[in-house]
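Asks: Just so it is clear, I am handing over final07.cif, which has mmCIF, C-alpha atoms.
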data_target
#
loop_
_atom_site.label_atom_id
_atom_site.label_comp_id
_atom_site.auth_asym_id
_atom_site.auth_seq_id
_atom_site.Cartn_x
_atom_site.Cartn_y
_atom_site.Cartn_z
CA MET A 1 82.96 -26.08 28.11
CA ASN A 2 80.92 -25.67 31.28
CA LEU A 3 77.32 -24.78 32.01
CA ARG A 4 78.03 -21.06 31.85
CA SER A 5 79.57 -21.22 28.40
CA TRP A 6 76.90 -23.61 27.11
CA SER A 7 74.19 -21.21 28.25
CA ARG A 8 76.07 -18.32 26.67
CA LEU A 9 76.38 -20.34 23.47
CA GLY A 10 72.63 -21.06 23.57
CA ALA A 11 71.85 -17.37 23.93
CA VAL A 12 74.22 -16.38 21.12
CA ALA A 13 72.93 -19.10 18.78
CA LEU A 14 69.30 -18.18 19.46
CA LEU A 15 69.94 -14.48 18.93
CA ALA A 16 71.84 -15.22 15.72
CA LEU A 17 68.98 -17.40 14.49
CA VAL A 18 66.45 -14.62 15.07
CA VAL A 19 68.72 -12.05 13.39
CA GLN A 20 69.23 -14.42 10.46
CA VAL A 21 65.56 -15.23 9.92
CA ALA A 22 64.07 -11.84 10.68
CA VAL A 23 66.70 -9.46 9.31
CA LEU A 24 69.41 -10.99 7.13
CA ASP A 25 67.08 -13.20 5.11
CA GLN A 26 65.30 -10.02 3.97
CA LEU A 27 68.48 -8.38 2.66
CA VAL A 28 68.52 -10.19 -0.65
CA VAL A 29 71.07 -9.14 -3.25
CA HIS A 30 70.91 -10.99 -6.58
CA GLY A 31 69.01 -13.84 -4.95
CA ALA A 32 71.44 -14.32 -2.06
CA HIS A 33 71.57 -13.02 1.49
CA PRO A 34 74.28 -12.77 4.18
CA GLU A 35 74.69 -15.71 6.59
CA VAL A 36 75.60 -15.11 10.21
CA LEU A 37 75.47 -18.68 11.50
CA VAL A 38 78.25 -20.01 9.28
CA LEU A 39 80.26 -16.98 10.37
CA LEU A 40 79.74 -17.90 14.02
CA ALA A 41 80.97 -21.42 13.29
CA ALA A 42 84.13 -20.04 11.68
CA ALA A 43 84.53 -17.63 14.58
CA ALA A 44 84.23 -20.57 17.00
CA GLY A 45 87.21 -22.25 15.37
CA ALA A 46 89.22 -19.04 15.17
CA VAL A 47 88.59 -18.16 18.82
CA ALA A 48 88.37 -21.53 20.58
CA GLY A 49 90.61 -23.72 18.46
CA SER A 50 89.82 -26.74 16.33
CA GLN A 51 88.35 -29.13 18.88
CA ARG A 52 86.22 -26.82 21.00
CA GLY A 53 85.37 -24.87 17.86
CA ALA A 54 84.09 -27.99 16.12
CA MET A 55 81.87 -28.74 19.10
CA ILE A 56 80.45 -25.21 19.05
CA GLY A 57 80.10 -25.40 15.27
CA PHE A 58 78.11 -28.62 15.59
CA VAL A 59 75.64 -26.99 17.99
CA ILE A 60 75.29 -23.87 15.84
CA GLY A 61 74.77 -26.10 12.79
CA LEU A 62 71.95 -27.99 14.50
CA VAL A 63 70.32 -24.66 15.30
CA ALA A 64 70.73 -23.44 11.70
CA ASP A 65 69.21 -26.66 10.38
CA LEU A 66 65.99 -25.87 12.27
CA VAL A 67 65.06 -23.19 9.72
CA LEU A 68 66.61 -24.53 6.55
CA PRO A 69 64.78 -26.71 4.02
CA THR A 70 67.86 -28.88 3.43
CA PRO A 71 68.30 -32.27 5.20
CA TYR A 72 68.67 -31.92 8.97
CA GLY A 73 72.33 -32.23 9.89
CA LEU A 74 73.78 -30.80 6.67
CA SER A 75 74.65 -27.47 8.32
CA ALA A 76 75.93 -29.29 11.42
CA LEU A 77 78.33 -31.33 9.31
CA THR A 78 79.43 -28.25 7.35
CA TYR A 79 79.95 -26.13 10.44
CA VAL A 80 81.98 -28.85 12.20
CA LEU A 81 84.34 -28.92 9.23
CA VAL A 82 84.45 -25.10 8.97
CA ALA A 83 85.18 -24.61 12.66
CA PHE A 84 87.80 -27.36 12.67
CA ALA A 85 89.54 -25.84 9.65
CA ALA A 86 89.30 -22.32 11.07
CA GLY A 87 90.88 -23.60 14.27
CA GLY A 88 93.88 -24.64 12.20
CA VAL A 89 95.06 -21.02 11.96
CA ARG A 90 95.75 -21.10 15.68
CA ALA A 91 98.59 -23.48 14.92
CA LEU A 92 100.24 -20.80 12.79
CA PRO A 93 103.19 -18.87 14.26
CA GLY A 94 102.60 -15.29 15.39
CA ASP A 95 99.82 -13.60 17.36
CA ARG A 96 97.22 -16.33 17.11
CA ASP A 97 94.88 -14.53 19.51
CA GLY A 98 95.01 -11.29 17.54
CA ARG A 99 91.54 -10.08 16.74
CA SER A 100 92.42 -9.16 13.16
CA LEU A 101 93.61 -12.70 12.44
CA GLN A 102 90.43 -14.11 13.96
CA VAL A 103 88.26 -11.77 11.91
CA ALA A 104 90.14 -12.63 8.71
CA THR A 105 89.81 -16.34 9.48
CA CYS A 106 86.13 -15.81 10.12
CA ILE A 107 85.57 -14.18 6.73
CA ALA A 108 87.53 -16.85 4.88
CA GLY A 109 85.70 -19.52 6.87
CA ALA A 110 82.31 -18.10 5.93
CA ALA A 111 83.20 -18.19 2.23
CA GLY A 112 84.67 -21.68 2.48
CA GLY A 113 81.77 -22.89 4.60
CA THR A 114 79.21 -21.71 2.05
CA LEU A 115 81.06 -23.52 -0.70
CA CYS A 116 81.38 -26.63 1.48
CA PHE A 117 77.63 -26.53 2.22
CA ALA A 118 76.91 -26.42 -1.52
CA VAL A 119 79.26 -29.32 -2.28
CA LEU A 120 77.89 -31.49 0.53
CA GLY A 121 74.32 -30.61 -0.45
CA ASP A 122 75.06 -31.59 -4.01
CA LEU A 123 76.51 -34.89 -2.83
CA LEU A 124 73.29 -35.51 -0.94
CA GLY A 125 71.29 -34.93 -4.11
CA GLN A 126 69.92 -31.49 -3.27
CA PRO A 127 69.02 -29.64 -6.50
CA GLY A 128 70.54 -26.30 -7.49
CA MET A 129 73.47 -26.36 -5.08
CA LEU A 130 76.33 -26.09 -7.56
CA ASP A 131 75.61 -23.67 -10.35
CA ARG A 132 76.45 -20.10 -11.43
CA GLN A 133 74.30 -18.71 -8.64
CA GLY A 134 76.60 -20.45 -6.15
CA ALA A 135 79.34 -17.96 -6.97
CA VAL A 136 76.97 -15.07 -6.25
CA VAL A 137 75.99 -16.67 -2.95
CA VAL A 138 79.63 -17.04 -1.88
CA LEU A 139 80.31 -13.42 -2.85
CA VAL A 140 77.29 -12.05 -0.95
CA VAL A 141 78.07 -14.15 2.13
CA THR A 142 81.68 -12.96 2.04
CA VAL A 143 80.71 -9.29 1.73
CA GLY A 144 78.18 -9.74 4.54
CA ALA A 145 80.93 -11.39 6.60
CA LEU A 146 83.04 -8.24 6.31
CA VAL A 147 80.38 -6.45 8.35
CA LEU A 148 79.33 -9.28 10.64
CA ALA A 149 82.73 -10.79 11.45
CA PHE A 150 83.60 -8.33 14.25
CA PRO A 151 80.41 -8.89 16.29
CA SER A 152 80.65 -12.64 15.61
CA VAL A 153 84.19 -12.85 16.97
CA ALA A 154 83.20 -10.70 19.95
CA ALA A 155 80.23 -12.98 20.68
CA LEU A 156 82.34 -16.12 20.47
CA ARG A 157 85.04 -14.60 22.68
CA TRP A 158 82.31 -13.95 25.23
CA VAL A 159 81.11 -17.57 24.99
CA VAL A 160 84.60 -18.99 25.32
CA GLN A 161 85.50 -16.66 28.19
CA GLY A 162 82.58 -18.15 30.08
CA ALA A 163 84.42 -21.47 30.09
CA ASP A 164 87.88 -20.07 30.79
CA ARG A 165 86.76 -17.75 33.60
CA SER A 166 85.29 -20.63 35.60
CA VAL A 167 88.61 -22.54 35.49
CA THR A 168 90.98 -19.73 36.41
CA GLY A 169 88.73 -17.37 38.27
CA HIS A 170 89.67 -14.59 35.87
CA ALA A 171 89.58 -14.06 32.15
CA ILE A 172 92.43 -15.40 30.06
CA PRO A 173 93.07 -14.83 26.39
CA SER A 174 90.34 -16.64 24.55
CA GLY A 175 91.17 -20.09 23.29
CA GLY A 176 94.23 -20.42 25.52
CA SER A 177 94.69 -23.42 27.77
CA ALA A 178 94.03 -22.78 31.43
CA THR A 179 96.15 -24.30 34.19
CA ARG A 180 96.46 -23.48 37.82
CA MET B 181 83.47 -37.96 16.22
CA LEU B 182 81.44 -34.80 15.59
CA VAL B 183 81.56 -35.53 11.87
CA LEU B 184 80.15 -38.97 12.62
CA ALA B 185 77.49 -37.40 14.84
CA SER B 186 76.54 -35.02 12.02
CA ILE B 187 76.32 -37.86 9.52
CA THR B 188 74.18 -39.81 11.98
CA VAL B 189 71.81 -36.86 12.30
CA LEU B 190 71.67 -36.61 8.50
CA THR B 191 70.92 -40.32 8.24
CA LEU B 192 68.18 -40.02 10.83
CA ASP B 193 66.55 -37.29 8.75
CA TYR B 194 66.07 -39.82 5.96
CA HIS B 195 64.44 -42.28 8.37
CA GLY B 196 60.64 -42.08 8.22
CA GLU B 197 59.58 -41.74 11.87
CA VAL B 198 62.55 -39.69 13.02
CA SER B 199 62.17 -37.44 10.00
CA HIS B 200 58.55 -36.89 11.02
CA GLY B 201 59.73 -35.88 14.50
CA ILE B 202 62.34 -33.50 13.07
CA THR B 203 59.69 -31.93 10.82
CA HIS B 204 57.52 -31.47 13.90
CA ILE B 205 60.34 -29.67 15.72
CA ARG B 206 61.12 -27.52 12.67
CA ASN B 207 57.45 -26.54 12.41
CA GLY B 208 57.47 -25.62 16.10
CA VAL B 209 60.48 -23.37 15.56
CA ARG B 210 58.79 -21.76 12.53
CA ASP B 211 55.67 -21.07 14.59
CA ALA B 212 57.76 -19.62 17.42
CA LEU B 213 59.71 -17.37 15.07
CA SER B 214 56.81 -16.27 12.89
CA PRO B 215 55.60 -13.38 15.15
CA VAL B 216 59.13 -11.95 15.18
CA GLN B 217 59.40 -12.48 11.42
CA ARG B 218 56.10 -10.74 10.79
CA GLY B 219 56.98 -7.76 12.96
CA ILE B 220 60.48 -7.26 11.66
CA SER B 221 59.52 -8.11 8.08
CA ALA B 222 56.85 -5.40 8.10
CA ALA B 223 59.38 -2.90 9.42
CA LEU B 224 62.16 -4.01 7.08
CA HIS B 225 60.19 -4.40 3.89
CA PRO B 226 61.00 -0.85 2.77
CA VAL B 227 64.68 -1.46 3.61
CA GLY B 228 64.62 -4.64 1.53
CA ASP B 229 63.03 -2.71 -1.32
CA VAL B 230 65.76 -0.07 -1.07
CA PHE B 231 68.39 -2.83 -1.26
CA ALA B 232 66.67 -4.42 -4.24
CA GLY B 233 66.29 -1.02 -5.86
CA ALA B 234 69.91 -0.06 -5.29
CA PHE B 235 71.23 -3.26 -6.79
CA HIS B 236 68.74 -3.33 -9.67
CA TYR B 237 68.62 0.41 -10.41
CA GLY B 238 68.62 -0.03 -14.19
CA ALA B 239 65.91 -2.66 -14.01
CA VAL B 240 63.81 -0.45 -11.72
CA GLN B 241 64.11 2.46 -14.14
CA SER B 242 63.08 0.39 -17.15
CA GLU B 243 60.29 -1.18 -15.09
CA ASN B 244 59.13 2.36 -14.22
CA ARG B 245 59.10 3.37 -17.89
CA ARG B 246 57.25 0.22 -18.81
CA LEU B 247 54.66 0.85 -16.08
CA GLU B 248 54.16 4.43 -17.24
CA GLN B 249 53.46 3.22 -20.75
CA GLN B 250 51.20 0.54 -19.39
CA LEU B 251 49.30 3.11 -17.34
CA GLY B 252 48.70 5.20 -20.44
CA LYS B 253 47.36 2.22 -22.31
CA LEU B 254 45.19 1.23 -19.38
CA GLN B 255 43.68 4.69 -19.15
CA ALA B 256 42.89 4.56 -22.84
CA ALA B 257 41.34 1.17 -22.45
CA GLN B 258 39.38 2.10 -19.34
CA ALA B 259 36.31 3.06 -21.26
CA GLU B 260 36.13 -0.31 -22.88
CA GLY B 261 37.05 -2.01 -19.63
CA ALA B 262 33.64 -2.31 -18.08
CA PHE B 263 32.14 -3.90 -21.15
CA ALA B 264 35.15 -6.19 -21.57
CA SER B 265 35.06 -7.33 -17.97
CA ARG B 266 31.34 -8.13 -18.26
CA GLN B 267 32.16 -10.21 -21.29
CA ALA B 268 35.11 -11.84 -19.58
CA GLY B 269 33.02 -12.64 -16.54
CA ALA B 270 30.43 -14.31 -18.68
CA VAL B 271 33.05 -16.31 -20.55
CA LEU B 272 34.76 -17.37 -17.34
CA ALA B 273 31.48 -18.42 -15.81
CA LEU B 274 30.74 -20.49 -18.89
CA ALA B 275 34.16 -22.05 -19.08
CA HIS B 276 34.42 -22.63 -15.30
CA LEU B 277 38.14 -21.89 -15.34
CA PRO B 278 39.46 -23.45 -12.14
CA PHE B 279 42.05 -20.71 -11.59
CA VAL B 280 39.40 -18.02 -11.37
CA ALA B 281 36.04 -19.52 -10.77
CA ASN B 282 35.84 -22.79 -8.89
CA ILE B 283 38.58 -22.88 -6.31
CA THR B 284 38.39 -21.12 -2.99
CA SER B 285 41.58 -19.42 -1.94
CA THR B 286 43.24 -18.14 1.21
CA PRO B 287 45.03 -14.80 1.04
CA ALA B 288 48.45 -14.68 2.66
CA GLU B 289 51.34 -12.31 3.13
CA VAL B 290 54.96 -13.12 2.43
CA ILE B 291 56.83 -12.80 5.72
CA SER B 292 60.26 -13.96 4.69
CA ALA B 293 62.43 -14.21 1.65
CA PRO B 294 64.15 -17.57 1.06
CA THR B 295 65.79 -18.91 4.23
CA SER B 296 68.22 -20.90 2.12
CA ASN B 297 70.64 -19.34 -0.33
CA PHE B 298 70.39 -22.41 -2.52
CA GLN B 299 66.66 -23.07 -2.75
CA TYR B 300 63.96 -20.69 -3.89
CA LEU B 301 61.33 -20.68 -1.21
CA LEU B 302 59.13 -18.08 0.45
CA GLU B 303 57.60 -18.07 3.89
CA ILE B 304 53.93 -16.99 4.11
CA ASP B 305 51.86 -16.17 7.15
CA ARG B 306 49.21 -18.87 6.76
CA GLY B 307 49.51 -22.49 7.84
CA THR B 308 47.42 -25.52 8.68
CA GLY B 309 45.44 -23.37 11.09
CA ALA B 310 44.06 -21.45 8.11
CA GLY B 311 43.49 -24.56 6.01
CA VAL B 312 46.74 -24.23 4.07
CA GLY B 313 48.66 -27.45 3.53
CA PRO B 314 51.44 -29.03 1.48
CA ARG B 315 51.05 -29.36 -2.30
CA MET B 316 48.48 -26.55 -2.59
CA PRO B 317 49.17 -24.17 -5.52
CA VAL B 318 50.05 -20.57 -4.67
CA VAL B 319 49.14 -17.76 -7.08
CA SER B 320 49.09 -14.01 -7.33
CA GLY B 321 46.82 -11.92 -9.52
CA ARG B 322 49.12 -12.52 -12.50
CA GLY B 323 49.72 -16.24 -12.25
CA LEU B 324 51.32 -19.21 -10.55
CA ILE B 325 54.05 -18.61 -7.99
CA GLY B 326 54.70 -22.09 -6.68
CA THR B 327 53.44 -24.80 -4.38
CA VAL B 328 53.25 -25.12 -0.63
CA ALA B 329 56.13 -27.38 0.41
CA VAL B 330 55.73 -27.47 4.19
CA SER B 331 53.12 -26.08 6.58
CA SER B 332 53.25 -25.47 10.29
CA ALA B 333 50.26 -24.24 12.29
CA SER B 334 50.80 -20.59 11.43
CA THR B 335 53.21 -20.45 8.49
CA SER B 336 53.92 -22.24 5.23
CA THR B 337 56.94 -22.54 2.99
CA VAL B 338 56.26 -22.06 -0.71
CA ARG B 339 58.56 -23.64 -3.29
CA LEU B 340 58.79 -21.17 -6.19
CA VAL B 341 58.35 -22.18 -9.81
CA THR B 342 61.96 -21.11 -10.43
CA ASP B 343 63.34 -23.60 -7.91
CA LYS B 344 65.42 -26.27 -9.60
CA SER B 345 63.25 -29.04 -8.22
CA SER B 346 60.10 -27.48 -9.71
CA SER B 347 58.64 -29.22 -12.76
CA ILE B 348 55.18 -28.33 -14.06
CA GLY B 349 53.07 -29.71 -16.90
CA VAL B 350 52.14 -26.80 -19.16
CA THR B 351 50.05 -26.10 -22.23
CA PHE B 352 50.16 -23.26 -24.74
CA GLY B 353 48.74 -22.12 -28.05
CA THR B 354 45.18 -21.97 -29.28
CA ALA B 355 42.51 -24.60 -29.75
CA ALA B 356 43.70 -25.02 -33.33
CA ARG B 357 47.40 -25.05 -32.46
CA ALA B 358 47.82 -26.43 -28.96
CA GLY B 359 50.97 -27.90 -27.49
CA ASN B 360 52.01 -29.48 -24.22
CA ALA B 361 55.34 -29.44 -22.42
CA ILE B 362 57.10 -29.46 -19.07
CA ALA B 363 58.31 -26.20 -17.49
CA ASP B 364 61.39 -26.76 -15.33
CA GLY B 365 62.76 -24.25 -12.84
CA GLN B 366 66.38 -23.23 -13.42
CA GLY B 367 67.14 -21.19 -10.33
CA PHE B 368 67.22 -17.54 -9.33
CA ALA B 369 66.62 -14.96 -12.08
CA GLU B 370 66.65 -17.69 -14.72
CA PRO B 371 63.69 -18.28 -17.03
CA LEU B 372 61.79 -21.54 -16.93
CA SER B 373 63.03 -24.12 -19.38
CA ILE B 374 60.25 -25.53 -21.56
CA GLN B 375 61.06 -29.19 -22.20
CA GLU B 376 59.51 -32.25 -23.80
CA ILE B 377 57.35 -30.24 -26.16
CA SER B 378 54.62 -32.19 -27.91
CA GLY B 379 52.76 -30.47 -30.73
CA PRO B 380 53.83 -27.21 -32.37
CA LEU B 381 56.54 -25.02 -30.87
CA PRO B 382 55.36 -22.10 -28.76
CA VAL B 383 55.80 -18.65 -30.28
CA LEU B 384 57.53 -15.67 -28.71
CA GLY B 385 55.36 -13.78 -26.26
CA GLU B 386 52.92 -16.63 -25.88
CA THR B 387 51.68 -17.40 -22.37
CA VAL B 388 52.03 -20.91 -20.99
CA PHE B 389 49.42 -22.28 -18.58
CA THR B 390 49.28 -25.27 -16.26
CA SER B 391 47.95 -28.21 -18.25
CA GLY B 392 46.54 -30.14 -15.31
CA THR B 393 47.84 -33.31 -16.90
CA ASP B 394 51.03 -33.86 -14.89
CA GLY B 395 49.42 -36.34 -12.55
CA GLY B 396 46.96 -33.64 -11.56
CA ALA B 397 49.59 -31.71 -9.60
CA TYR B 398 48.00 -28.37 -10.54
CA PRO B 399 44.57 -27.35 -11.70
CA ALA B 400 44.47 -26.56 -15.41
CA GLY B 401 44.51 -23.03 -16.76
CA ILE B 402 46.74 -21.11 -14.35
CA PRO B 403 49.02 -18.75 -16.30
CA ILE B 404 52.68 -19.28 -15.42
CA ALA B 405 55.10 -17.63 -17.78
CA ARG B 406 55.58 -15.87 -21.09
CA VAL B 407 57.81 -17.36 -23.80
CA THR B 408 60.92 -15.18 -24.15
CA SER B 409 63.12 -17.23 -26.46
CA VAL B 410 62.77 -20.03 -28.97
CA LYS B 411 66.10 -21.16 -30.40
CA THR B 412 66.58 -24.04 -32.77
CA SER B 413 70.06 -25.50 -33.21
CA ALA B 414 71.85 -25.21 -36.57
CA GLY B 415 70.94 -28.75 -37.57
CA GLY B 416 67.40 -28.25 -36.40
CA LEU B 417 67.68 -31.22 -34.10
CA THR B 418 67.15 -29.47 -30.79
CA THR B 419 65.08 -26.50 -29.78
CA THR B 420 65.57 -24.52 -26.59
CA VAL B 421 62.53 -22.67 -25.31
CA ASN B 422 62.62 -20.37 -22.28
CA ALA B 423 59.80 -18.53 -20.55
CA ARG B 424 59.86 -15.83 -17.87
CA PRO B 425 57.47 -16.18 -14.92
CA LEU B 426 54.62 -13.66 -15.16
CA VAL B 427 54.97 -12.80 -11.49
CA ASN B 428 57.97 -10.85 -10.24
CA LEU B 429 59.04 -13.33 -7.58
CA ASP B 430 61.59 -10.96 -6.01
CA THR B 431 59.18 -8.33 -4.83
CA ILE B 432 55.97 -10.21 -4.23
CA GLN B 433 54.23 -9.42 -0.94
CA TYR B 434 50.70 -10.83 -1.14
CA VAL B 435 49.64 -14.19 -2.52
CA SER B 436 46.65 -16.53 -2.58
CA VAL B 437 46.80 -20.18 -1.69
CA LEU B 438 44.35 -22.25 -3.72
CA GLU B 439 42.57 -24.77 -1.54
CA TRP B 440 43.12 -27.48 -4.07
CA LEU B 441 45.00 -30.72 -3.72
CA PRO B 442 46.43 -32.91 -6.46
CA GLN B 443 43.97 -35.49 -7.71
CA PRO B 444 44.82 -39.05 -6.65
#
Take the structure in this file and express it as C-alpha cells.
Replies:
Amino acid sequence: MNLRSWSRLGAVALLALVVQVAVLDQLVVHGAHPEVLVLLAAAAGAVAGSQRGAMIGFVIGLVADLVLPTPYGLSALTYVLVAFAAGGVRALPGDRDGRSLQVATCIAGAAGGTLCFAVLGDLLGQPGMLDRQGAVVVLVVTVGALVLAFPSVAALRWVVQGADRSVTGHAIPSGGSATR
Amino acid sequence: MLVLASITVLTLDYHGEVSHGITHIRNGVRDALSPVQRGISAALHPVGDVFAGAFHYGAVQSENRRLEQQLGKLQAAQAEGAFASRQAGAVLALAHLPFVANITSTPAEVISAPTSNFQYLLEIDRGTGAGVGPRMPVVSGRGLIGTVAVSSASTSTVRLVTDKSSSIGVTFGTAARAGNAIADGQGFAEPLSIQEISGPLPVLGETVFTSGTDGGAYPAGIPIARVTSVKTSAGGLTTTVNARPLVNLDTIQYVSVLEWLPQP
C-alpha cells in the first residue's frame, strides 16, 4: 500500500460512509437496512488477499465505528476478520481474480460479517445483538449486498490498482504480486 | 496484529479519558455529516415511505381503514370537541401534568433512521446548540418515544423505548386501582414487556404512563404504550403482559425534546 492507494482508500471509505448514513440507513425493511461498509471489507479481502485486505478492513472498520453507537473498534475487529476470511478464497484453485468469484465472496462475507458483528457485540455485553431480529438483519444485508457487491468490488479494485500501478508502472490483475 | 490493534482500540473505548476523546470525534463526524443527512433525508423520505409501504402493504391498508373509521368518529365528536378541550385544559392546568403543562420542549425533525442494525436509535436535527442534551425525554403528540442518548452540537441520537436496553418505570390503572411496573424494550416491532408488576394487573387496552419513580429518569404522566396482551400461565404463577408503544416509531418524522433532566 502506498500513498496513492491510501488516498484512494480514504476517498472510497468516506464516500461509502456518506452513502451509508444518508441513503442506506433510510432504506429500512423490517427494522434492518443494507450495509455497504462491511461489504467493502469483504471486497478488500476478495480483491487484495488476506493480509492487505485485513489492513483495508481495519481502516474501513474504524471509519464505520465513527457513526455507530456500539463500542469503538467493534467494527474494526469484525472487518479485519471478514477481510482476512474473504482473502482465503484467493487460495482456492481456479480463476481467483475472476470478478464473479470476488462478488460472490463479497456477498457471503457481508452476511458472515454481520453475524460476526452480532456475536462479538454480544460477547462485549451489547444488548439485543443475538435475537430473532438478527436473522432479518443478515437477510436484508445479504439482499442489499446482491446490489452493492459489484460497485464495491469495482471500488476496491480501483484502490488496490493504485498500489500495484506504482510498483510496475502499469496495471496488473488486482491482488497479484508485483515483481520487476 | 490487526486483531490485537482492534482489541486495543476497543479497550481504549472503555477507558474514561480516551472514551471522552472518541465521543468528541464521533460528535464531530455527526456534525459534519448532518447537513448531508438532512438534505438527502428530506429528498429520500418519500422513497423510504414507499419502501416501508411496499413491505408492509397489508399493515398500511388496515391502518388506512382504521384511520378512515377514526376520521368518521372524530368528525362526529367535533361538535363536542371545543367544550371537551376547554374542560381538558382546565383539568390539565389544575393537575399541572408535567408532560403537557410544565416542561418546555424543543421541536426536532428525525433526520436518520437507526444507524445500527442492532440498536433502535434515531438521529434528530437538534443538539447541544439548541439546548438538547443526554437523558432528556423525547415525545411526540401521542406519547413517549425515547431518551436522548448522545448529543453533538447540531444533532442528537435518541434511544427508542423499544431498544433492548430501555427500561422505564410505569404506572397504570385508576386512582382506585393503580399499579406500578417496569416496561422493558424487546427490540424492533416487539411490544414492551411489562415486568415487576406491583398492585393489580393491567387490563387489555389500558394505557401505561411513566411513573416518575424509577430514580426520576422520566417525568410522571407521559403516556407510553397500550396493553395488548395479558396472559397468565396455567398454574397462575406467572403473568406475561405486553404493551404496544402508542407512537408508530417506524414512520415518525417530528418529535419534541422535553427540556427536563432526571432528578438527582
Asks: Any idea what's packed within 6 Å of Ala400 in chain B, counting only C-alpha atoms, ignoring anything in its chain fewer than 3 positions away? Could you give it as number ranges by chain?
Replies: B: 390-392
Asks: What do you get, as an MDAnalysis selection string, if you spell out every residue that the PyMOL selection byres ((chain B) within 9 of (chain A)) selects here?
Replies: chainID B and resid 182:194 199 202:203 205:207 209:210 213:214 216:221 224:225 227:229 231:232 235:236 291:301 337 343:345 366:369 430
Asks: Pick from A:Met1, A:Ile56, A:Ala111, A:Leu40: nearest to Ala154 in chain A, with all atoms listed in the file counted?
Replies: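 Smallest distance to Ala154 in chain A is found for A:Leu40.
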Asks: Which residues, written as a VMD selection string, have at least one atom at most 12 Å from Ala155 in chain A, with all atoms listed in the file counted and residues fewer than 6 positions away on the same chain left out?
Replies: chain A and resid 5 8 to 13 15 to 16 36 to 37 39 to 41 43 to 44 47 to 48 103 148 to 149 161 to 162 174
Asks: Please write as a PyMOL selection string the full residue list that the PyMOL selection byres ((chain B and resi 357) around 12) yields on this file.
Replies: chain B and resi 351-356+358-360+378-383
Asks: Distance CA of Pro317 in chain B-CA of Ser409 in chain B, one decimal place?
Replies: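 For CA of Pro317 in chain B relative to CA of Ser409 in chain B, the distance reads 26.1 Å.
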Asks: What's the separation between CA of Gly201 in chain B and CA of Val82 in chain A, in Å to one decimal place?
Replies: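 Taking CA of Gly201 in chain B and CA of Val82 in chain A, their separation equals 27.5 Å.
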Asks: Leaving out Val427 in chain B and any residue of its chain fewer than 4 positions from it, which residues lie within 10 Å of it when counting only C-alpha atoms, given as a PDB file with C-alpha atoms, keeping the file's coordinate frame?
Replies:
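New file out33.pdb:
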ATOM      1  CA  VAL B 319      49.140 -17.760  -7.080  1.00  0.00           C
ATOM      2  CA  SER B 320      49.090 -14.010  -7.330  1.00  0.00           C
ATOM      3  CA  GLY B 321      46.820 -11.920  -9.520  1.00  0.00           C
ATOM      4  CA  ARG B 322      49.120 -12.520 -12.500  1.00  0.00           C
ATOM      5  CA  GLY B 323      49.720 -16.240 -12.250  1.00  0.00           C
ATOM      6  CA  LEU B 324      51.320 -19.210 -10.550  1.00  0.00           C
ATOM      7  CA  ILE B 325      54.050 -18.610  -7.990  1.00  0.00           C
ATOM      8  CA  PRO B 403      49.020 -18.750 -16.300  1.00  0.00           C
ATOM      9  CA  ILE B 404      52.680 -19.280 -15.420  1.00  0.00           C
ATOM     10  CA  ALA B 405      55.100 -17.630 -17.780  1.00  0.00           C
ATOM     11  CA  THR B 431      59.180  -8.330  -4.830  1.00  0.00           C
ATOM     12  CA  ILE B 432      55.970 -10.210  -4.230  1.00  0.00           C
TER      13      ILE B 432
END
Asks: Between CA of Ala145 in chain A and CA of Ser100 in chain A, measure the distance and give it in Å to one decimal.
Replies: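 Separating CA of Ala145 in chain A from CA of Ser100 in chain A is a distance of 13.4 Å.
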Asks: Kindly resolve the PyMOL selection byres ((chain B and resi 316) around 10) on the present coordinates and return the residues as a VMD selection string.
Replies: chain B and resid 285 312 to 315 317 to 319 326 to 330 338 397 to 399 437 to 442
Asks: Box for range 285-294 of chain B - axis-aligned, 3 Å on each of the six sides, all listed atoms - centre and size in Å to one decimal, as AutoDock Vina command-line options.
Replies:
--center_x 52.9 --center_y -15.9 --center_z 1.9 --size_x 28.6 --size_y 13.1 --size_z 13.7
Asks: Restore N, CA, C and O atoms in range 304-310 of chain B and list the result as a PDB file, in the coordinates of the input.
Replies:
ATOM      1  N   ILE B 304      55.167 -17.788   4.044  1.00  0.00           N
ATOM      2  CA  ILE B 304      53.930 -16.990   4.110  1.00  0.00           C
ATOM      3  C   ILE B 304      53.275 -17.169   5.476  1.00  0.00           C
ATOM      4  O   ILE B 304      53.566 -18.130   6.192  1.00  0.00           O
ATOM      5  N   ASP B 305      52.390 -16.225   5.784  1.00  0.00           N
ATOM      6  CA  ASP B 305      51.860 -16.170   7.150  1.00  0.00           C
ATOM      7  C   ASP B 305      50.566 -16.976   7.340  1.00  0.00           C
ATOM      8  O   ASP B 305      49.742 -16.625   8.190  1.00  0.00           O
ATOM      9  N   ARG B 306      50.367 -18.001   6.569  1.00  0.00           N
ATOM     10  CA  ARG B 306      49.210 -18.870   6.760  1.00  0.00           C
ATOM     11  C   ARG B 306      49.672 -20.320   6.784  1.00  0.00           C
ATOM     12  O   ARG B 306      50.494 -20.718   5.952  1.00  0.00           O
ATOM     13  N   GLY B 307      49.109 -21.089   7.735  1.00  0.00           N
ATOM     14  CA  GLY B 307      49.510 -22.490   7.840  1.00  0.00           C
ATOM     15  C   GLY B 307      48.293 -23.385   7.968  1.00  0.00           C
ATOM     16  O   GLY B 307      47.186 -23.027   7.536  1.00  0.00           O
ATOM     17  N   THR B 308      48.510 -24.538   8.573  1.00  0.00           N
ATOM     18  CA  THR B 308      47.420 -25.520   8.680  1.00  0.00           C
ATOM     19  C   THR B 308      46.226 -24.945   9.446  1.00  0.00           C
ATOM     20  O   THR B 308      45.088 -25.344   9.212  1.00  0.00           O
ATOM     21  N   GLY B 309      46.508 -24.007  10.340  1.00  0.00           N
ATOM     22  CA  GLY B 309      45.440 -23.370  11.090  1.00  0.00           C
ATOM     23  C   GLY B 309      44.450 -22.623  10.208  1.00  0.00           C
ATOM     24  O   GLY B 309      43.277 -22.446  10.561  1.00  0.00           O
ATOM     25  N   ALA B 310      44.931 -22.183   9.043  1.00  0.00           N
ATOM     26  CA  ALA B 310      44.060 -21.450   8.110  1.00  0.00           C
ATOM     27  C   ALA B 310      43.648 -22.340   6.938  1.00  0.00           C
ATOM     28  O   ALA B 310      43.146 -21.842   5.927  1.00  0.00           O
TER      29      ALA B 310
END
